[in-house]
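Q: So here's input00.tsv (TSV, N, CA, C and O atoms).
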```tsv
chain	number	residue	atom	x	y	z
B	316	MET	N	63.66	-230.51	-24.33
B	316	MET	CA	63.38	-229.90	-23.05
B	316	MET	C	61.89	-229.60	-22.95
B	316	MET	O	61.30	-229.01	-23.86
B	317	ARG	N	61.28	-230.00	-21.85
B	317	ARG	CA	59.85	-229.75	-21.65
B	317	ARG	C	59.62	-228.29	-21.27
B	317	ARG	O	60.40	-227.70	-20.53
B	318	PRO	N	58.51	-227.70	-21.76
B	318	PRO	CA	58.21	-226.33	-21.33
B	318	PRO	C	57.87	-226.30	-19.85
B	318	PRO	O	57.37	-227.26	-19.28
B	319	ALA	N	58.17	-225.17	-19.22
B	319	ALA	CA	57.88	-225.01	-17.80
B	319	ALA	C	56.38	-225.02	-17.57
B	319	ALA	O	55.61	-224.53	-18.38
B	320	ARG	N	55.98	-225.61	-16.46
B	320	ARG	CA	54.57	-225.61	-16.07
B	320	ARG	C	54.24	-224.23	-15.52
B	320	ARG	O	54.93	-223.71	-14.64
B	321	LEU	N	53.19	-223.63	-16.03
B	321	LEU	CA	52.80	-222.29	-15.58
B	321	LEU	C	52.18	-222.38	-14.19
B	321	LEU	O	51.26	-223.15	-13.97
B	322	ASN	N	52.70	-221.58	-13.26
B	322	ASN	CA	52.16	-221.62	-11.91
B	322	ASN	C	51.74	-220.26	-11.37
B	322	ASN	O	51.27	-220.17	-10.26
B	323	LEU	N	51.95	-219.22	-12.15
B	323	LEU	CA	51.59	-217.87	-11.71
B	323	LEU	C	51.28	-217.02	-12.92
B	323	LEU	O	51.95	-217.10	-13.95
B	324	GLY	N	50.27	-216.18	-12.79
B	324	GLY	CA	49.99	-215.18	-13.81
B	324	GLY	C	50.48	-213.84	-13.34
B	324	GLY	O	50.32	-213.49	-12.17
B	325	VAL	N	51.08	-213.10	-14.23
B	325	VAL	CA	51.56	-211.75	-13.93
B	325	VAL	C	50.99	-210.83	-15.00
B	325	VAL	O	51.22	-211.03	-16.20
B	326	VAL	N	50.23	-209.85	-14.57
B	326	VAL	CA	49.66	-208.88	-15.50
B	326	VAL	C	50.27	-207.52	-15.20
B	326	VAL	O	50.04	-206.95	-14.14
B	327	LEU	N	51.09	-207.05	-16.12
B	327	LEU	CA	51.66	-205.72	-16.01
B	327	LEU	C	50.59	-204.73	-16.42
B	327	LEU	O	49.97	-204.86	-17.47
B	328	VAL	N	50.35	-203.74	-15.58
B	328	VAL	CA	49.28	-202.77	-15.82
B	328	VAL	C	49.90	-201.39	-16.03
B	328	VAL	O	50.35	-200.75	-15.09
B	329	ALA	N	49.90	-200.96	-17.29
B	329	ALA	CA	50.42	-199.64	-17.64
B	329	ALA	C	49.27	-198.67	-17.81
B	329	ALA	O	48.12	-199.07	-18.02
B	330	HIS	N	49.58	-197.40	-17.76
B	330	HIS	CA	48.57	-196.38	-17.97
B	330	HIS	C	48.00	-196.48	-19.38
B	330	HIS	O	46.80	-196.47	-19.59
B	331	GLY	N	48.87	-196.57	-20.36
B	331	GLY	CA	48.47	-196.56	-21.76
B	331	GLY	C	48.69	-195.18	-22.36
B	331	GLY	O	48.80	-194.19	-21.63
B	332	SER	N	48.80	-195.14	-23.66
B	332	SER	CA	49.09	-193.90	-24.35
B	332	SER	C	48.54	-193.97	-25.77
B	332	SER	O	48.39	-195.06	-26.33
B	333	ARG	N	48.29	-192.82	-26.34
B	333	ARG	CA	47.90	-192.79	-27.75
B	333	ARG	C	49.09	-193.10	-28.66
B	333	ARG	O	48.93	-193.49	-29.79
B	334	ASP	N	50.29	-192.93	-28.13
B	334	ASP	CA	51.51	-193.22	-28.89
B	334	ASP	C	51.74	-194.74	-28.88
B	334	ASP	O	51.94	-195.32	-27.81
B	335	PRO	N	51.72	-195.39	-30.01
B	335	PRO	CA	51.87	-196.85	-30.05
B	335	PRO	C	53.21	-197.35	-29.53
B	335	PRO	O	53.35	-198.52	-29.16
B	336	ARG	N	54.20	-196.48	-29.46
B	336	ARG	CA	55.50	-196.91	-28.92
B	336	ARG	C	55.39	-197.27	-27.44
B	336	ARG	O	56.14	-198.12	-26.96
B	337	ALA	N	54.48	-196.64	-26.73
B	337	ALA	CA	54.31	-196.95	-25.30
B	337	ALA	C	53.81	-198.38	-25.13
B	337	ALA	O	54.33	-199.14	-24.30
B	338	ALA	N	52.81	-198.78	-25.90
B	338	ALA	CA	52.30	-200.15	-25.83
B	338	ALA	C	53.37	-201.15	-26.27
B	338	ALA	O	53.50	-202.23	-25.68
B	339	ALA	N	54.14	-200.78	-27.28
B	339	ALA	CA	55.20	-201.67	-27.74
B	339	ALA	C	56.25	-201.88	-26.66
B	339	ALA	O	56.73	-203.00	-26.44
B	340	ALA	N	56.59	-200.82	-25.93
B	340	ALA	CA	57.58	-200.94	-24.86
B	340	ALA	C	57.04	-201.81	-23.72
B	340	ALA	O	57.77	-202.65	-23.17
B	341	THR	N	55.78	-201.63	-23.35
B	341	THR	CA	55.19	-202.43	-22.28
B	341	THR	C	55.10	-203.89	-22.69
B	341	THR	O	55.39	-204.80	-21.91
B	342	SER	N	54.73	-204.14	-23.94
B	342	SER	CA	54.66	-205.52	-24.43
B	342	SER	C	56.04	-206.16	-24.46
B	342	SER	O	56.20	-207.34	-24.13
B	343	ALA	N	57.06	-205.39	-24.83
B	343	ALA	CA	58.43	-205.91	-24.83
B	343	ALA	C	58.86	-206.25	-23.40
B	343	ALA	O	59.53	-207.28	-23.17
B	344	LEU	N	58.48	-205.42	-22.44
B	344	LEU	CA	58.79	-205.70	-21.04
B	344	LEU	C	58.11	-207.00	-20.60
B	344	LEU	O	58.73	-207.84	-19.94
B	345	ALA	N	56.85	-207.18	-20.98
B	345	ALA	CA	56.13	-208.41	-20.62
B	345	ALA	C	56.82	-209.63	-21.21
B	345	ALA	O	56.97	-210.66	-20.53
B	346	ARG	N	57.27	-209.54	-22.45
B	346	ARG	CA	57.98	-210.67	-23.06
B	346	ARG	C	59.29	-210.95	-22.32
B	346	ARG	O	59.64	-212.11	-22.08
B	347	ALA	N	60.00	-209.90	-21.94
B	347	ALA	CA	61.27	-210.08	-21.22
B	347	ALA	C	61.04	-210.74	-19.85
B	347	ALA	O	61.79	-211.63	-19.45
B	348	VAL	N	60.01	-210.31	-19.15
B	348	VAL	CA	59.69	-210.91	-17.85
B	348	VAL	C	59.32	-212.39	-18.05
B	348	VAL	O	59.75	-213.26	-17.28
B	349	GLY	N	58.54	-212.67	-19.08
B	349	GLY	CA	58.17	-214.06	-19.37
B	349	GLY	C	59.37	-214.94	-19.69
B	349	GLY	O	59.43	-216.10	-19.27
B	350	ARG	N	60.33	-214.39	-20.43
B	350	ARG	CA	61.55	-215.16	-20.73
B	350	ARG	C	62.37	-215.40	-19.46
B	350	ARG	O	62.95	-216.46	-19.28
B	351	ALA	N	62.42	-214.40	-18.58
B	351	ALA	CA	63.18	-214.54	-17.35
B	351	ALA	C	62.52	-215.50	-16.36
B	351	ALA	O	63.20	-216.08	-15.51
B	352	HIS	N	61.21	-215.64	-16.46
B	352	HIS	CA	60.45	-216.51	-15.54
B	352	HIS	C	59.52	-217.41	-16.35
B	352	HIS	O	58.31	-217.15	-16.46
B	353	PRO	N	60.05	-218.50	-16.91
B	353	PRO	CA	59.24	-219.33	-17.80
B	353	PRO	C	58.04	-220.01	-17.14
B	353	PRO	O	57.15	-220.47	-17.85
B	354	SER	N	57.98	-220.04	-15.82
B	354	SER	CA	56.82	-220.65	-15.17
B	354	SER	C	55.71	-219.63	-14.90
B	354	SER	O	54.70	-219.97	-14.29
B	355	TRP	N	55.90	-218.41	-15.35
B	355	TRP	CA	54.88	-217.37	-15.21
B	355	TRP	C	54.20	-217.13	-16.55
B	355	TRP	O	54.85	-217.07	-17.59
B	356	ALA	N	52.90	-216.97	-16.52
B	356	ALA	CA	52.15	-216.50	-17.69
B	356	ALA	C	52.07	-214.99	-17.58
B	356	ALA	O	51.41	-214.46	-16.68
B	357	VAL	N	52.79	-214.28	-18.43
B	357	VAL	CA	52.91	-212.82	-18.31
B	357	VAL	C	52.13	-212.14	-19.42
B	357	VAL	O	52.22	-212.52	-20.59
B	358	ARG	N	51.37	-211.12	-19.03
B	358	ARG	CA	50.58	-210.35	-19.99
B	358	ARG	C	50.81	-208.86	-19.75
B	358	ARG	O	51.00	-208.44	-18.61
B	359	ALA	N	50.74	-208.09	-20.80
B	359	ALA	CA	50.71	-206.62	-20.70
B	359	ALA	C	49.26	-206.19	-20.76
B	359	ALA	O	48.44	-206.80	-21.45
B	360	SER	N	48.92	-205.13	-20.03
B	360	SER	CA	47.57	-204.57	-20.10
B	360	SER	C	47.66	-203.06	-19.89
B	360	SER	O	48.67	-202.54	-19.44
B	361	PHE	N	46.55	-202.39	-20.23
B	361	PHE	CA	46.56	-200.93	-20.24
B	361	PHE	C	45.25	-200.40	-19.70
B	361	PHE	O	44.17	-200.89	-20.03
B	362	LEU	N	45.35	-199.36	-18.87
B	362	LEU	CA	44.16	-198.75	-18.28
B	362	LEU	C	43.45	-197.81	-19.26
B	362	LEU	O	42.23	-197.66	-19.20
B	363	ASP	N	44.20	-197.17	-20.13
B	363	ASP	CA	43.63	-196.22	-21.09
B	363	ASP	C	44.31	-196.36	-22.44
B	363	ASP	O	45.46	-196.79	-22.52
B	364	HIS	N	43.61	-195.93	-23.48
B	364	HIS	CA	44.15	-195.72	-24.83
B	364	HIS	C	44.54	-196.97	-25.60
B	364	HIS	O	44.63	-196.92	-26.81
B	365	ALA	N	44.86	-198.05	-24.97
B	365	ALA	CA	45.32	-199.25	-25.67
B	365	ALA	C	44.67	-200.47	-25.02
B	365	ALA	O	44.08	-200.37	-23.96
B	366	GLY	N	44.81	-201.60	-25.62
B	366	GLY	CA	44.29	-202.83	-25.06
B	366	GLY	C	45.37	-203.88	-25.08
B	366	GLY	O	46.40	-203.67	-25.70
B	367	PRO	N	45.15	-204.94	-24.37
B	367	PRO	CA	43.95	-205.30	-23.64
B	367	PRO	C	43.86	-204.59	-22.29
B	367	PRO	O	44.86	-204.12	-21.76
B	368	ARG	N	42.66	-204.54	-21.78
B	368	ARG	CA	42.43	-204.01	-20.45
B	368	ARG	C	42.86	-205.06	-19.41
B	368	ARG	O	42.90	-206.26	-19.71
B	369	PRO	N	43.16	-204.64	-18.19
B	369	PRO	CA	43.63	-205.60	-17.18
B	369	PRO	C	42.69	-206.77	-16.93
B	369	PRO	O	43.14	-207.92	-16.80
B	370	LEU	N	41.39	-206.53	-16.88
B	370	LEU	CA	40.45	-207.63	-16.62
B	370	LEU	C	40.49	-208.64	-17.76
B	370	LEU	O	40.43	-209.86	-17.53
B	371	ASP	N	40.60	-208.18	-19.00
B	371	ASP	CA	40.70	-209.09	-20.13
B	371	ASP	C	41.99	-209.90	-20.07
B	371	ASP	O	42.00	-211.09	-20.39
B	372	ALA	N	43.07	-209.25	-19.68
B	372	ALA	CA	44.35	-209.96	-19.54
B	372	ALA	C	44.24	-211.03	-18.45
B	372	ALA	O	44.72	-212.15	-18.62
B	373	LEU	N	43.63	-210.69	-17.33
B	373	LEU	CA	43.43	-211.68	-16.27
B	373	LEU	C	42.61	-212.86	-16.76
B	373	LEU	O	42.93	-214.01	-16.48
B	374	ALA	N	41.54	-212.57	-17.49
B	374	ALA	CA	40.66	-213.62	-17.99
B	374	ALA	C	41.37	-214.56	-18.96
B	374	ALA	O	40.97	-215.71	-19.11
B	375	SER	N	42.43	-214.09	-19.58
B	375	SER	CA	43.15	-214.92	-20.56
B	375	SER	C	44.17	-215.85	-19.92
B	375	SER	O	44.76	-216.68	-20.62
B	376	LEU	N	44.38	-215.73	-18.63
B	376	LEU	CA	45.44	-216.50	-17.99
B	376	LEU	C	45.03	-217.95	-17.73
B	376	LEU	O	43.93	-218.21	-17.25
B	377	PRO	N	45.95	-218.89	-18.00
B	377	PRO	CA	45.67	-220.31	-17.76
B	377	PRO	C	46.15	-220.79	-16.39
B	377	PRO	O	46.68	-221.89	-16.25
B	378	VAL	N	46.00	-219.95	-15.37
B	378	VAL	CA	46.50	-220.25	-14.03
B	378	VAL	C	45.41	-219.95	-13.00
B	378	VAL	O	44.38	-219.37	-13.33
B	379	ARG	N	45.70	-220.29	-11.75
B	379	ARG	CA	44.71	-220.07	-10.68
B	379	ARG	C	45.04	-218.88	-9.80
B	379	ARG	O	44.22	-218.47	-8.98
B	380	HIS	N	46.24	-218.32	-9.93
B	380	HIS	CA	46.60	-217.14	-9.15
B	380	HIS	C	47.35	-216.16	-10.04
B	380	HIS	O	48.18	-216.56	-10.85
B	381	ALA	N	47.02	-214.88	-9.87
B	381	ALA	CA	47.67	-213.84	-10.66
B	381	ALA	C	48.02	-212.66	-9.78
B	381	ALA	O	47.38	-212.41	-8.76
B	382	VAL	N	49.05	-211.95	-10.22
B	382	VAL	CA	49.47	-210.73	-9.55
B	382	VAL	C	49.38	-209.60	-10.56
B	382	VAL	O	49.92	-209.70	-11.67
B	383	LEU	N	48.67	-208.54	-10.19
B	383	LEU	CA	48.66	-207.32	-10.99
B	383	LEU	C	49.88	-206.50	-10.57
B	383	LEU	O	50.08	-206.26	-9.37
B	384	VAL	N	50.67	-206.09	-11.54
B	384	VAL	CA	51.86	-205.30	-11.26
B	384	VAL	C	51.66	-203.93	-11.89
B	384	VAL	O	51.79	-203.78	-13.11
B	385	PRO	N	51.33	-202.92	-11.08
B	385	PRO	CA	51.12	-201.58	-11.64
B	385	PRO	C	52.44	-200.99	-12.14
B	385	PRO	O	53.42	-200.94	-11.40
B	386	LEU	N	52.46	-200.56	-13.38
B	386	LEU	CA	53.61	-199.85	-13.93
B	386	LEU	C	53.29	-198.36	-13.90
B	386	LEU	O	53.20	-197.70	-14.92
B	387	LEU	N	53.06	-197.87	-12.70
B	387	LEU	CA	52.66	-196.49	-12.48
B	387	LEU	C	53.70	-195.79	-11.62
B	387	LEU	O	54.32	-196.42	-10.76
B	388	LEU	N	53.89	-194.52	-11.84
B	388	LEU	CA	54.91	-193.79	-11.09
B	388	LEU	C	54.44	-193.32	-9.72
B	388	LEU	O	55.25	-193.05	-8.83
B	389	THR	N	53.14	-193.20	-9.55
B	389	THR	CA	52.60	-192.78	-8.25
B	389	THR	C	51.35	-193.58	-7.93
B	389	THR	O	50.74	-194.19	-8.82
B	390	SER	N	50.95	-193.55	-6.70
B	390	SER	CA	49.72	-194.21	-6.28
B	390	SER	C	48.57	-193.21	-6.33
B	390	SER	O	47.84	-193.05	-5.37
B	391	ALA	N	48.44	-192.54	-7.45
B	391	ALA	CA	47.36	-191.57	-7.63
B	391	ALA	C	46.08	-192.32	-8.01
B	391	ALA	O	45.88	-193.46	-7.62
B	392	TYR	N	45.22	-191.68	-8.78
B	392	TYR	CA	43.90	-192.21	-9.08
B	392	TYR	C	43.95	-193.64	-9.61
B	392	TYR	O	43.22	-194.51	-9.13
B	393	HIS	N	44.78	-193.90	-10.60
B	393	HIS	CA	44.82	-195.25	-11.17
B	393	HIS	C	45.21	-196.28	-10.12
B	393	HIS	O	44.65	-197.37	-10.08
B	394	GLY	N	46.17	-195.96	-9.29
B	394	GLY	CA	46.61	-196.89	-8.26
B	394	GLY	C	45.63	-197.06	-7.13
B	394	GLY	O	45.48	-198.15	-6.57
B	395	ARG	N	44.92	-195.98	-6.78
B	395	ARG	CA	43.98	-196.04	-5.65
B	395	ARG	C	42.58	-196.45	-6.04
B	395	ARG	O	41.83	-196.97	-5.21
B	396	VAL	N	42.19	-196.22	-7.31
B	396	VAL	CA	40.80	-196.47	-7.72
B	396	VAL	C	40.71	-197.54	-8.81
B	396	VAL	O	40.00	-198.53	-8.67
B	397	ASP	N	41.43	-197.35	-9.91
B	397	ASP	CA	41.29	-198.26	-11.05
B	397	ASP	C	41.79	-199.67	-10.76
B	397	ASP	O	41.12	-200.65	-11.09
B	398	ILE	N	42.96	-199.77	-10.15
B	398	ILE	CA	43.51	-201.11	-9.87
B	398	ILE	C	42.60	-201.87	-8.89
B	398	ILE	O	42.25	-203.03	-9.16
B	399	PRO	N	42.16	-201.27	-7.77
B	399	PRO	CA	41.23	-202.00	-6.90
B	399	PRO	C	39.92	-202.37	-7.61
B	399	PRO	O	39.34	-203.42	-7.32
B	400	ALA	N	39.46	-201.54	-8.54
B	400	ALA	CA	38.25	-201.88	-9.29
B	400	ALA	C	38.46	-203.12	-10.16
B	400	ALA	O	37.55	-203.95	-10.30
B	401	VAL	N	39.64	-203.25	-10.72
B	401	VAL	CA	39.96	-204.45	-11.51
B	401	VAL	C	39.93	-205.68	-10.60
B	401	VAL	O	39.36	-206.72	-10.97
B	402	VAL	N	40.52	-205.58	-9.43
B	402	VAL	CA	40.54	-206.70	-8.50
B	402	VAL	C	39.11	-207.08	-8.12
B	402	VAL	O	38.76	-208.27	-8.08
B	403	SER	N	38.28	-206.10	-7.86
B	403	SER	CA	36.88	-206.37	-7.51
B	403	SER	C	36.15	-207.07	-8.66
B	403	SER	O	35.46	-208.06	-8.46
B	404	ALA	N	36.33	-206.57	-9.87
B	404	ALA	CA	35.68	-207.18	-11.03
B	404	ALA	C	36.20	-208.59	-11.30
B	404	ALA	O	35.47	-209.45	-11.80
B	405	ALA	N	37.46	-208.84	-10.95
B	405	ALA	CA	38.06	-210.15	-11.18
B	405	ALA	C	37.52	-211.22	-10.24
B	405	ALA	O	37.79	-212.41	-10.44
B	406	SER	N	36.73	-210.83	-9.26
B	406	SER	CA	36.18	-211.83	-8.33
B	406	SER	C	35.27	-212.81	-9.06
B	406	SER	O	35.00	-213.90	-8.55
B	407	GLU	N	34.82	-212.46	-10.24
B	407	GLU	CA	33.98	-213.34	-11.05
B	407	GLU	C	34.81	-214.38	-11.81
B	407	GLU	O	34.26	-215.33	-12.36
B	408	LEU	N	36.12	-214.20	-11.87
B	408	LEU	CA	36.99	-215.10	-12.62
B	408	LEU	C	37.43	-216.27	-11.74
B	408	LEU	O	37.46	-216.15	-10.52
B	409	PRO	N	37.81	-217.39	-12.36
B	409	PRO	CA	38.23	-218.56	-11.58
B	409	PRO	C	39.70	-218.50	-11.16
B	409	PRO	O	40.46	-219.44	-11.36
B	410	LEU	N	40.10	-217.36	-10.58
B	410	LEU	CA	41.47	-217.24	-10.09
B	410	LEU	C	41.49	-216.21	-8.97
B	410	LEU	O	40.59	-215.39	-8.85
B	411	THR	N	42.51	-216.29	-8.15
B	411	THR	CA	42.71	-215.28	-7.11
B	411	THR	C	43.68	-214.24	-7.65
B	411	THR	O	44.58	-214.55	-8.43
B	412	VAL	N	43.47	-213.01	-7.22
B	412	VAL	CA	44.28	-211.91	-7.72
B	412	VAL	C	44.84	-211.13	-6.54
B	412	VAL	O	44.11	-210.78	-5.62
B	413	SER	N	46.12	-210.87	-6.60
B	413	SER	CA	46.75	-209.96	-5.64
B	413	SER	C	47.40	-208.83	-6.41
B	413	SER	O	47.48	-208.86	-7.64
B	414	VAL	N	47.82	-207.80	-5.68
B	414	VAL	CA	48.36	-206.61	-6.32
B	414	VAL	C	49.71	-206.27	-5.72
B	414	VAL	O	49.87	-206.18	-4.50
B	415	ALA	N	50.69	-206.08	-6.58
B	415	ALA	CA	52.00	-205.61	-6.14
B	415	ALA	C	51.89	-204.12	-5.85
B	415	ALA	O	51.02	-203.43	-6.40
B	416	PRO	N	52.75	-203.58	-5.01
B	416	PRO	CA	52.68	-202.14	-4.74
B	416	PRO	C	53.10	-201.31	-5.96
B	416	PRO	O	53.88	-201.77	-6.79
B	417	VAL	N	52.54	-200.12	-6.03
B	417	VAL	CA	52.96	-199.17	-7.06
B	417	VAL	C	54.42	-198.79	-6.77
B	417	VAL	O	54.75	-198.49	-5.62
B	418	PRO	N	55.29	-198.85	-7.77
B	418	PRO	CA	56.71	-198.62	-7.49
B	418	PRO	C	57.06	-197.19	-7.09
B	418	PRO	O	58.05	-196.97	-6.41
B	419	GLY	N	56.25	-196.23	-7.49
B	419	GLY	CA	56.55	-194.83	-7.16
B	419	GLY	C	55.95	-194.44	-5.83
B	419	GLY	O	55.26	-195.20	-5.17
B	420	PRO	N	56.20	-193.17	-5.43
B	420	PRO	CA	55.68	-192.70	-4.13
B	420	PRO	C	54.17	-192.54	-4.12
B	420	PRO	O	53.53	-192.48	-5.13
```
How does this structure look as structure tokens?
A:
Amino acid sequence: MRPARLNLGVVLVAHGSRDPRAAAATSALARAVGRAHPSWAVRASFLDHAGPRPLDALASLPVRHAVLVPLLLTSAYHGRVDIPAVVSAASELPLTVSVAPVPGP
């Protein structure tokens, strides 16, 4: 069976934590999403405390379009400031980036 052709990048963006279990859980989620959607290049990224950072994850993608998926509970500072800053910085990369809505209120 041939591997699926990658046609979309998905970068999960978590807050990050000093507790390594948080990064492990986010990475496990990214692997699960990738298994469920083999044509997506899925990466985990973190705004604080852990790596990779979202811009680095975007830069690692072998696709032309990516979606940042905030794993945040509210659209507070990270959702209103940090995520848009990543999108702005990504304008230097050879891909287009869109942002999914923050799942919380």
Q: Could you pull out the residues in chain B that DSSP calls helix (DSSP H, G or I) from the backbone, as a PyMOL selection string?
A: chain B and resi 335-351+369-374+392-407
Q: List every residue of chain B that DSSP, applied to the backbone of this structure, assigns to strand (DSSP E or B), and report them as a list of chain:residue names.
A: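 Taking chain B and keeping strand (DSSP E or B) gives B:Leu323, B:Gly324, B:Val325, B:Val326, B:Leu327, B:Val328, B:Ala329, B:Trp355, B:Ala356, B:Val357, B:Arg358, B:Ala359, B:Ser360, B:Phe361, B:His380, B:Ala381, B:Val382, B:Leu383, B:Val384, B:Pro385, B:Leu386, B:Thr411, B:Val412, B:Ser413, B:Val414.
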Q: Record the distance separating atom CA of B:Leu388 and atom N of B:Leu370, expressed in Å with one decimal.
A: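 Value for the atom CA of B:Leu388-atom N of B:Leu370 distance: 19.5 Å.
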Q: Residues within 12 Å of (48.1, -212.2, -22.7), file coordinates, counting only C-alpha atoms: what are they? Give the list as a list in words.
A: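 With a cut-off of 12 Å, the residues come to Gly324, Val325, Val326, Leu327, Val328, Ser342, Ala345, Arg346, Gly349, Trp355, Ala356, Val357, Arg358, Ala359, Ser360, Phe361, Gly366, Pro367, Arg368, Pro369, Leu370, Asp371, Ala372, Leu373, Ala374, Ser375, Leu376, Pro377 and Val378 of chain B.
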Q: List as an MDAnalysis selection string the protein and nucleic acid residues near B:Gly419, meaning an atom at most 5 Å away when all atoms listed in the file are counted, but skip any in the same chain fewer than 5 places from it.
A: chainID B and resid 387:390
